[in-house]
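The structure file protein_15.csv is reproduced below (CSV, N, CA and C atoms).
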chain,number,residue,atom,x,y,z
A,396,MET,N,-11.0,-13.4,-12.1
A,396,MET,CA,-10.6,-13.9,-10.8
A,396,MET,C,-9.2,-14.5,-10.9
A,397,ILE,N,-8.5,-14.4,-9.9
A,397,ILE,CA,-7.1,-14.9,-9.8
A,397,ILE,C,-7.2,-16.2,-9.0
A,398,ASP,N,-6.4,-17.2,-9.4
A,398,ASP,CA,-6.4,-18.4,-8.6
A,398,ASP,C,-5.0,-18.8,-8.3
A,399,ASP,N,-4.8,-20.0,-7.7
A,399,ASP,CA,-3.5,-20.5,-7.3
A,399,ASP,C,-2.5,-20.7,-8.4
A,400,ARG,N,-2.9,-20.6,-9.6
A,400,ARG,CA,-2.0,-20.8,-10.7
A,400,ARG,C,-1.2,-19.5,-11.0
A,401,THR,N,-1.5,-18.4,-10.2
A,401,THR,CA,-0.8,-17.2,-10.4
A,401,THR,C,0.6,-17.4,-9.9
A,402,THR,N,1.6,-17.1,-10.9
A,402,THR,CA,3.0,-17.3,-10.5
A,402,THR,C,3.8,-16.1,-10.7
A,403,ASN,N,3.3,-15.2,-11.5
A,403,ASN,CA,4.1,-14.0,-11.8
A,403,ASN,C,3.2,-12.8,-12.0
A,404,ILE,N,3.3,-11.8,-11.2
A,404,ILE,CA,2.6,-10.6,-11.3
A,404,ILE,C,3.5,-9.5,-11.9
A,405,ASN,N,3.1,-9.0,-13.1
A,405,ASN,CA,4.0,-7.9,-13.6
A,405,ASN,C,3.3,-6.6,-13.6
A,406,ASN,N,4.1,-5.5,-13.8
A,406,ASN,CA,3.6,-4.2,-13.7
A,406,ASN,C,2.6,-3.9,-14.8
A,407,SER,N,2.6,-4.4,-16.0
A,407,SER,CA,1.6,-4.1,-17.0
A,407,SER,C,0.3,-4.7,-16.6
A,408,TRP,N,0.3,-5.9,-16.0
A,408,TRP,CA,-1.0,-6.4,-15.5
A,408,TRP,C,-1.6,-5.6,-14.4
A,409,ILE,N,-0.7,-5.1,-13.5
A,409,ILE,CA,-1.2,-4.2,-12.4
A,409,ILE,C,-1.8,-3.0,-12.9
A,410,ARG,N,-1.1,-2.4,-13.9
A,410,ARG,CA,-1.7,-1.2,-14.5
A,410,ARG,C,-3.0,-1.4,-15.1
A,411,THR,N,-3.2,-2.6,-15.7
A,411,THR,CA,-4.5,-3.0,-16.3
A,411,THR,C,-5.6,-3.0,-15.2
A,412,ILE,N,-5.4,-3.6,-14.1
A,412,ILE,CA,-6.4,-3.7,-13.1
A,412,ILE,C,-6.6,-2.3,-12.4
A,413,LEU,N,-5.7,-1.4,-12.5
A,413,LEU,CA,-5.9,-0.1,-11.9
A,413,LEU,C,-6.6,0.9,-12.8
A,414,LYS,N,-7.0,0.5,-14.0
A,414,LYS,CA,-7.7,1.4,-14.9
A,414,LYS,C,-9.2,1.3,-14.7
A,415,SER,N,-9.9,2.4,-14.9
A,415,SER,CA,-11.3,2.4,-14.7
A,415,SER,C,-11.9,1.8,-16.0
A,416,GLU,N,-13.3,1.7,-16.0
A,416,GLU,CA,-14.0,1.0,-17.1
A,416,GLU,C,-13.7,1.7,-18.4
A,417,ASP,N,-13.5,3.1,-18.4
A,417,ASP,CA,-13.2,3.8,-19.6
A,417,ASP,C,-11.8,3.7,-20.1
A,418,GLY,N,-10.9,3.0,-19.4
A,418,GLY,CA,-9.5,2.8,-19.8
A,418,GLY,C,-8.6,3.8,-19.2
A,419,GLU,N,-9.1,4.8,-18.5
A,419,GLU,CA,-8.3,5.9,-17.9
A,419,GLU,C,-7.8,5.4,-16.6
A,420,PRO,N,-6.5,5.8,-16.2
A,420,PRO,CA,-6.0,5.4,-14.9
A,420,PRO,C,-6.9,6.0,-13.8
A,421,GLN,N,-7.1,5.2,-12.7
A,421,GLN,CA,-7.9,5.7,-11.6
A,421,GLN,C,-7.0,6.6,-10.8
A,422,MET,N,-7.5,7.8,-10.5
A,422,MET,CA,-6.7,8.8,-9.8
A,422,MET,C,-6.6,8.5,-8.3
A,423,ASP,N,-7.4,7.7,-7.8
A,423,ASP,CA,-7.4,7.5,-6.3
A,423,ASP,C,-6.4,6.3,-6.0
A,424,LYS,N,-5.8,5.7,-7.0
A,424,LYS,CA,-4.9,4.6,-6.7
A,424,LYS,C,-3.5,5.1,-6.7
A,425,PRO,N,-2.6,4.6,-5.8
A,425,PRO,CA,-1.3,5.1,-5.7
A,425,PRO,C,-0.4,4.7,-6.8
A,426,ASP,N,0.7,5.4,-7.0
A,426,ASP,CA,1.7,5.0,-8.0
A,426,ASP,C,2.5,3.8,-7.4
A,427,LEU,N,2.4,2.7,-8.1
A,427,LEU,CA,3.0,1.5,-7.5
A,427,LEU,C,4.5,1.5,-7.6
A,428,SER,N,5.1,2.4,-8.2
A,428,SER,CA,6.6,2.5,-8.2
A,428,SER,C,7.1,3.1,-6.9
A,429,ILE,N,6.2,3.7,-6.1
A,429,ILE,CA,6.5,4.2,-4.8
A,429,ILE,C,6.2,3.3,-3.7
A,430,TYR,N,5.1,2.6,-3.8
A,430,TYR,CA,4.6,1.8,-2.7
A,430,TYR,C,4.7,0.3,-3.0
A,431,HIS,N,4.7,-0.5,-1.9
A,431,HIS,CA,4.5,-1.9,-2.0
A,431,HIS,C,3.0,-2.1,-1.8
A,432,ALA,N,2.5,-3.3,-2.2
A,432,ALA,CA,1.1,-3.5,-2.0
A,432,ALA,C,0.9,-5.0,-1.8
A,433,LEU,N,-0.3,-5.3,-1.4
A,433,LEU,CA,-0.8,-6.7,-1.3
A,433,LEU,C,-2.0,-6.9,-2.3
A,434,LEU,N,-1.9,-8.0,-3.0
A,434,LEU,CA,-3.0,-8.3,-4.0
A,434,LEU,C,-3.8,-9.4,-3.4
A,435,ASP,N,-5.1,-9.2,-3.2
A,435,ASP,CA,-6.0,-10.2,-2.7
A,435,ASP,C,-6.4,-11.1,-3.9
A,436,THR,N,-6.0,-12.3,-3.9
A,436,THR,CA,-6.3,-13.2,-5.0
A,436,THR,C,-7.8,-13.6,-5.1
A,437,ARG,N,-8.6,-13.4,-4.1
A,437,ARG,CA,-10.0,-13.7,-4.2
A,437,ARG,C,-10.7,-12.8,-5.1
A,438,ASN,N,-10.3,-11.5,-5.2
A,438,ASN,CA,-11.1,-10.5,-5.9
A,438,ASN,C,-10.3,-9.5,-6.7
A,439,GLY,N,-9.0,-9.7,-6.7
A,439,GLY,CA,-8.1,-8.7,-7.4
A,439,GLY,C,-7.9,-7.4,-6.7
A,440,GLU,N,-8.4,-7.2,-5.5
A,440,GLU,CA,-8.3,-6.0,-4.8
A,440,GLU,C,-6.8,-5.8,-4.4
A,441,LEU,N,-6.4,-4.5,-4.6
A,441,LEU,CA,-5.0,-4.1,-4.3
A,441,LEU,C,-5.0,-3.2,-3.1
A,442,TYR,N,-4.1,-3.6,-2.1
A,442,TYR,CA,-4.0,-2.8,-0.9
A,442,TYR,C,-2.6,-2.3,-0.8
A,443,PRO,N,-2.4,-1.0,-1.0
A,443,PRO,CA,-1.1,-0.3,-0.9
A,443,PRO,C,-0.6,-0.4,0.6
A,444,ILE,N,0.6,-0.6,0.7
A,444,ILE,CA,1.3,-0.6,2.1
A,444,ILE,C,1.9,0.7,2.2
A,445,THR,N,1.3,1.6,2.9
A,445,THR,CA,1.7,3.0,3.0
A,445,THR,C,2.2,3.4,4.3
A,446,VAL,N,2.2,2.5,5.3
A,446,VAL,CA,2.7,2.8,6.6
A,446,VAL,C,3.5,1.7,7.1
A,447,SER,N,4.4,1.9,8.1
A,447,SER,CA,5.2,0.9,8.7
A,447,SER,C,5.1,1.1,10.3
A,448,PRO,N,4.6,0.2,11.0
A,448,PRO,CA,4.1,-1.1,10.6
A,448,PRO,C,2.7,-1.1,9.9
A,449,PHE,N,2.5,-2.0,9.0
A,449,PHE,CA,1.2,-2.1,8.4
A,449,PHE,C,0.5,-3.3,9.0
A,450,ARG,N,-0.5,-3.1,9.8
A,450,ARG,CA,-1.2,-4.1,10.6
A,450,ARG,C,-2.3,-4.8,9.8
A,451,ILE,N,-2.3,-6.1,9.9
A,451,ILE,CA,-3.4,-6.9,9.2
A,451,ILE,C,-4.1,-7.7,10.2
A,452,GLY,N,-5.5,-7.7,10.1
A,452,GLY,CA,-6.3,-8.5,11.0
A,452,GLY,C,-7.7,-8.3,10.7
A,453,ARG,N,-8.5,-8.5,11.7
A,453,ARG,CA,-10.0,-8.4,11.6
A,453,ARG,C,-10.5,-7.4,12.6
A,454,ILE,N,-11.1,-6.3,12.2
A,454,ILE,CA,-11.6,-5.3,13.1
A,454,ILE,C,-12.7,-5.9,14.0
A,455,GLY,N,-12.6,-5.6,15.3
A,455,GLY,CA,-13.6,-6.1,16.3
A,455,GLY,C,-13.5,-5.2,17.5
A,456,PRO,N,-14.2,-5.5,18.5
A,456,PRO,CA,-14.2,-4.7,19.7
A,456,PRO,C,-12.8,-4.6,20.4
A,457,GLU,N,-12.0,-5.6,20.3
A,457,GLU,CA,-10.7,-5.6,20.9
A,457,GLU,C,-9.7,-4.8,20.1
A,458,ASN,N,-9.9,-4.5,18.9
A,458,ASN,CA,-8.9,-3.9,18.1
A,458,ASN,C,-9.5,-3.1,16.9
A,459,THR,N,-9.3,-1.8,16.9
A,459,THR,CA,-9.8,-1.0,15.8
A,459,THR,C,-8.6,-0.3,15.0
A,460,GLU,N,-7.4,-0.7,15.4
A,460,GLU,CA,-6.2,0.0,14.8
A,460,GLU,C,-5.6,-0.9,13.7
A,461,ILE,N,-6.3,-1.4,12.8
A,461,ILE,CA,-5.9,-2.3,11.7
A,461,ILE,C,-5.8,-1.5,10.4
A,462,ASP,N,-4.7,-1.7,9.7
A,462,ASP,CA,-4.5,-1.0,8.4
A,462,ASP,C,-5.2,-1.8,7.3
A,463,LEU,N,-5.3,-3.1,7.4
A,463,LEU,CA,-6.0,-3.9,6.5
A,463,LEU,C,-6.9,-4.9,7.2
A,464,SER,N,-8.2,-4.8,7.1
A,464,SER,CA,-9.1,-5.7,7.7
A,464,SER,C,-9.6,-6.7,6.7
A,465,LEU,N,-9.4,-8.0,7.0
A,465,LEU,CA,-9.9,-9.0,6.1
A,465,LEU,C,-11.1,-9.7,6.7
A,466,ASP,N,-12.1,-9.9,5.9
A,466,ASP,CA,-13.4,-10.4,6.3
A,466,ASP,C,-13.3,-12.0,6.3
A,467,ASP,N,-12.8,-12.6,7.3
A,467,ASP,CA,-12.8,-14.0,7.4
A,467,ASP,C,-12.7,-14.3,8.9
A,468,ALA,N,-13.6,-15.1,9.4
A,468,ALA,CA,-13.7,-15.4,10.8
A,468,ALA,C,-12.4,-16.1,11.4
A,469,LEU,N,-11.6,-16.7,10.5
A,469,LEU,CA,-10.4,-17.4,10.9
A,469,LEU,C,-9.2,-16.4,11.1
A,470,ILE,N,-9.4,-15.2,10.7
A,470,ILE,CA,-8.3,-14.2,10.8
A,470,ILE,C,-8.4,-13.6,12.2
A,471,SER,N,-7.3,-13.6,12.9
A,471,SER,CA,-7.3,-13.0,14.3
A,471,SER,C,-7.5,-11.5,14.2
A,472,HIS,N,-7.9,-11.0,15.3
A,472,HIS,CA,-8.1,-9.5,15.4
A,472,HIS,C,-6.8,-8.8,15.1
A,473,ILE,N,-5.7,-9.3,15.7
A,473,ILE,CA,-4.4,-8.9,15.4
A,473,ILE,C,-3.7,-10.1,14.8
A,474,HIS,N,-3.5,-10.2,13.5
A,474,HIS,CA,-3.0,-11.4,12.9
A,474,HIS,C,-1.5,-11.3,12.5
A,475,ALA,N,-1.1,-10.3,11.8
A,475,ALA,CA,0.2,-10.1,11.3
A,475,ALA,C,0.5,-8.6,11.0
A,476,HIS,N,1.8,-8.3,10.8
A,476,HIS,CA,2.1,-7.0,10.4
A,476,HIS,C,3.3,-7.0,9.5
A,477,ILE,N,3.4,-6.0,8.6
A,477,ILE,CA,4.5,-5.8,7.7
A,477,ILE,C,5.2,-4.6,8.1
A,478,PHE,N,6.6,-4.6,8.2
A,478,PHE,CA,7.3,-3.4,8.5
A,478,PHE,C,8.5,-3.3,7.6
A,479,SER,N,9.1,-2.1,7.6
A,479,SER,CA,10.3,-1.9,6.7
A,479,SER,C,11.5,-1.5,7.6
A,480,GLU,N,12.6,-2.1,7.2
A,480,GLU,CA,13.8,-1.8,8.0
A,480,GLU,C,15.0,-1.8,7.0
A,481,ASN,N,15.7,-0.7,6.9
A,481,ASN,CA,16.9,-0.6,6.0
A,481,ASN,C,16.5,-1.0,4.5
A,482,GLY,N,15.3,-0.6,4.1
A,482,GLY,CA,14.9,-0.8,2.7
A,482,GLY,C,14.4,-2.2,2.4
A,483,GLN,N,14.3,-3.0,3.4
A,483,GLN,CA,13.8,-4.4,3.3
A,483,GLN,C,12.4,-4.4,4.0
A,484,GLU,N,11.4,-5.1,3.4
A,484,GLU,CA,10.1,-5.3,4.0
A,484,GLU,C,10.1,-6.7,4.7
A,485,TYR,N,9.5,-6.8,5.8
A,485,TYR,CA,9.4,-8.0,6.6
A,485,TYR,C,7.9,-8.2,7.0
A,486,ILE,N,7.5,-9.5,7.2
A,486,ILE,CA,6.2,-9.9,7.7
A,486,ILE,C,6.5,-10.6,9.0
A,487,VAL,N,5.6,-10.4,10.0
A,487,VAL,CA,5.7,-11.0,11.3
A,487,VAL,C,4.3,-11.5,11.7
A,488,ASP,N,4.2,-12.8,12.2
A,488,ASP,CA,3.0,-13.3,12.7
A,488,ASP,C,2.8,-12.8,14.1
A,489,ASP,N,1.7,-12.2,14.4
A,489,ASP,CA,1.4,-11.6,15.7
A,489,ASP,C,0.6,-12.5,16.6
A,490,LYS,N,1.1,-13.7,16.9
A,490,LYS,CA,0.4,-14.7,17.7
A,490,LYS,C,-1.0,-15.0,17.2
A,491,SER,N,-1.1,-15.2,15.9
A,491,SER,CA,-2.4,-15.5,15.4
A,491,SER,C,-2.9,-16.9,15.7
A,492,MET,N,-4.2,-17.1,15.8
A,492,MET,CA,-4.7,-18.4,16.1
A,492,MET,C,-4.5,-19.5,15.0
A,493,ASN,N,-4.5,-19.0,13.7
A,493,ASN,CA,-4.5,-20.0,12.6
A,493,ASN,C,-3.2,-19.8,11.8
A,494,GLY,N,-2.2,-19.0,12.2
A,494,GLY,CA,-1.0,-18.9,11.6
A,494,GLY,C,-0.9,-18.0,10.4
A,495,THR,N,0.3,-17.7,10.1
A,495,THR,CA,0.7,-16.9,8.9
A,495,THR,C,1.7,-17.7,8.1
A,496,PHE,N,1.4,-17.8,6.8
A,496,PHE,CA,2.3,-18.7,6.0
A,496,PHE,C,2.9,-17.8,4.9
A,497,LEU,N,4.2,-18.0,4.6
A,497,LEU,CA,4.9,-17.3,3.6
A,497,LEU,C,5.5,-18.3,2.6
A,498,ASN,N,5.0,-18.3,1.4
A,498,ASN,CA,5.4,-19.3,0.4
A,498,ASN,C,5.2,-20.7,0.9
A,499,GLY,N,4.1,-21.0,1.6
A,499,GLY,CA,3.8,-22.3,2.1
A,499,GLY,C,4.4,-22.7,3.4
A,500,LYS,N,5.3,-21.9,4.0
A,500,LYS,CA,6.0,-22.2,5.2
A,500,LYS,C,5.4,-21.4,6.3
A,501,GLN,N,5.0,-22.0,7.4
A,501,GLN,CA,4.4,-21.3,8.6
A,501,GLN,C,5.5,-20.5,9.3
A,502,LEU,N,5.1,-19.2,9.5
A,502,LEU,CA,6.1,-18.4,10.3
A,502,LEU,C,6.0,-18.7,11.8
A,503,LYS,N,7.1,-18.5,12.4
A,503,LYS,CA,7.1,-18.6,13.9
A,503,LYS,C,6.7,-17.3,14.5
A,504,GLU,N,5.9,-17.3,15.5
A,504,GLU,CA,5.3,-16.1,16.1
A,504,GLU,C,6.5,-15.2,16.5
A,505,GLY,N,6.3,-13.9,16.0
A,505,GLY,CA,7.2,-12.8,16.4
A,505,GLY,C,8.5,-12.8,15.6
A,506,GLU,N,8.8,-13.7,14.8
A,506,GLU,CA,10.0,-13.7,14.0
A,506,GLU,C,9.8,-13.2,12.6
A,507,PRO,N,10.5,-12.0,12.3
A,507,PRO,CA,10.4,-11.4,11.0
A,507,PRO,C,10.9,-12.3,9.9
A,508,ALA,N,10.2,-12.3,8.8
A,508,ALA,CA,10.6,-13.0,7.6
A,508,ALA,C,10.6,-12.0,6.4
A,509,PRO,N,11.7,-11.9,5.6
A,509,PRO,CA,11.8,-11.0,4.6
A,509,PRO,C,10.8,-11.2,3.5
A,510,LEU,N,10.3,-10.2,2.9
A,510,LEU,CA,9.3,-10.3,1.8
A,510,LEU,C,10.0,-9.9,0.5
A,511,TYR,N,9.7,-10.6,-0.6
A,511,TYR,CA,10.2,-10.3,-1.9
A,511,TYR,C,9.0,-10.3,-2.9
A,512,LYS,N,9.2,-9.7,-4.0
A,512,LYS,CA,8.2,-9.5,-5.1
A,512,LYS,C,7.6,-10.9,-5.4
A,513,ASN,N,6.2,-10.9,-5.5
A,513,ASN,CA,5.4,-12.1,-5.8
A,513,ASN,C,5.4,-13.2,-4.7
A,514,ASP,N,5.8,-12.8,-3.5
A,514,ASP,CA,5.7,-13.8,-2.4
A,514,ASP,C,4.2,-14.1,-2.1
A,515,ASP,N,4.0,-15.3,-1.8
A,515,ASP,CA,2.6,-15.8,-1.5
A,515,ASP,C,2.4,-15.7,0.1
A,516,ILE,N,1.5,-15.0,0.5
A,516,ILE,CA,1.2,-14.8,1.9
A,516,ILE,C,-0.2,-15.4,2.2
A,517,ARG,N,-0.3,-16.4,3.1
A,517,ARG,CA,-1.6,-16.9,3.5
A,517,ARG,C,-1.9,-16.6,4.9
A,518,LEU,N,-3.1,-16.1,5.1
A,518,LEU,CA,-3.7,-15.8,6.4
A,518,LEU,C,-5.0,-16.5,6.5
A,519,ALA,N,-5.1,-17.6,7.2
A,519,ALA,CA,-6.3,-18.5,7.3
A,519,ALA,C,-6.6,-18.9,5.8
A,520,ASN,N,-7.8,-18.6,5.3
A,520,ASN,CA,-8.2,-19.0,4.0
A,520,ASN,C,-7.9,-17.9,2.9
A,521,ILE,N,-7.2,-16.9,3.3
A,521,ILE,CA,-6.9,-15.8,2.3
A,521,ILE,C,-5.5,-15.8,1.8
A,522,LYS,N,-5.4,-15.8,0.5
A,522,LYS,CA,-4.1,-15.7,-0.2
A,522,LYS,C,-3.9,-14.3,-0.7
A,523,LEU,N,-2.7,-13.7,-0.3
A,523,LEU,CA,-2.3,-12.4,-0.8
A,523,LEU,C,-1.0,-12.6,-1.5
A,524,ILE,N,-0.8,-11.7,-2.5
A,524,ILE,CA,0.5,-11.7,-3.2
A,524,ILE,C,1.2,-10.4,-2.8
A,525,TYR,N,2.5,-10.4,-2.4
A,525,TYR,CA,3.2,-9.2,-2.1
A,525,TYR,C,3.8,-8.7,-3.4
A,526,LEU,N,3.5,-7.4,-3.6
A,526,LEU,CA,4.0,-6.7,-4.8
A,526,LEU,C,4.9,-5.6,-4.4
In structure tokens, write the structure found in this file.
Amino acid sequence: MIDDRTTNINNSWIRTILKSEDGEPQMDKPDLSIYHALLDTRNGELYPITVSPFRIGRIGPENTEIDLSLDDALISHIHAHIFSENGQEYIVDDKSMNGTFLNGKQLKEGEPAPLYKNDDIRLANIKLIYL
């Protein structure tokens, strides 16, 4: 389990978690040299960011077009999204009820903030690391 002491995520560690129990690479996981991803620090789950915009929220009757659904009642149905522009990735808070935080600083609604490797993203009680 990963905790708040995580300060540096490196590619060898990522390759380790992408291996199956027999030590062979999992074929259903993407090549991380191509994609950006979010690492869920609660369980080590890796979510590749394969579309732009990449919508994050909680699936419910109001919204079923989410790319990453997080199971937390404090996550808004439409919470935030990540998009790419001119080779740079950005995160935007989409008027969420409980805010989106990047490296401890709350984002202003609708204002893009650039993302960099190992950035800490908090959505309600969930901490994700941008890879």
From atom N of Gly439 in chain A to CA of Glu506 in chain A the spacing works out at 28.4 Å
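Relative to CA of Tyr511 in chain A, CA of Ala468 in chain A is found at 27.5 Å.
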Considering only N, CA and C atoms, return as a PyMOL selection string whatever protein or nucleic-acid residues lie within 6 Å of His431 in chain A, sequence-local ones (same chain, fewer than 2 positions apart) excluded. chain A and resi 429+433+442-444+526
- Val446 in chain A: which residues within 8 Å, counting only N, CA and C atoms, same-chain residues fewer than 4 positions away excluded, as number ranges by chain? A: 450, 477-479
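Note that atom N of Glu480 in chain A and CA of Asp466 in chain A are 27.3 Å apart.
Of the listed residues (A:Ala508, A:Ser471, A:His476, A:Asn438), A:Ser471 comes nearest to Ser491 in chain A; the distances count all atoms listed in the file.
With distances restricted to only C-alpha atoms, A:Ile486 is the closest residue to Asp514 in chain A from A:Arg437, A:Leu469, A:Asn493, A:Ile486.
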Using all atoms listed in the file, the shortest atom-to-atom distance to Asp435 in chain A among A:Leu523, A:Leu502, A:Ile516, A:Ile454 belongs to A:Leu523
Within 8 Å of Thr495 in chain A using all atoms listed in the file, minus same-chain residues under 2 positions, as a VMD selection string:
chain A and resid 474 to 475 487 to 493 497 to 504 516 to 519
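The shortest atom-to-atom distance to Ile521 in chain A, with all atoms listed in the file taken into account, belongs to A:Thr436 out of A:Phe449, A:Gly482, A:Thr436, A:Leu463.
Candidate residues A:Ile461, A:Ile470, A:Ile451, A:Leu510 were compared for distance to Gln483 in chain A, and the nearest is A:Leu510, using all atoms listed in the file.
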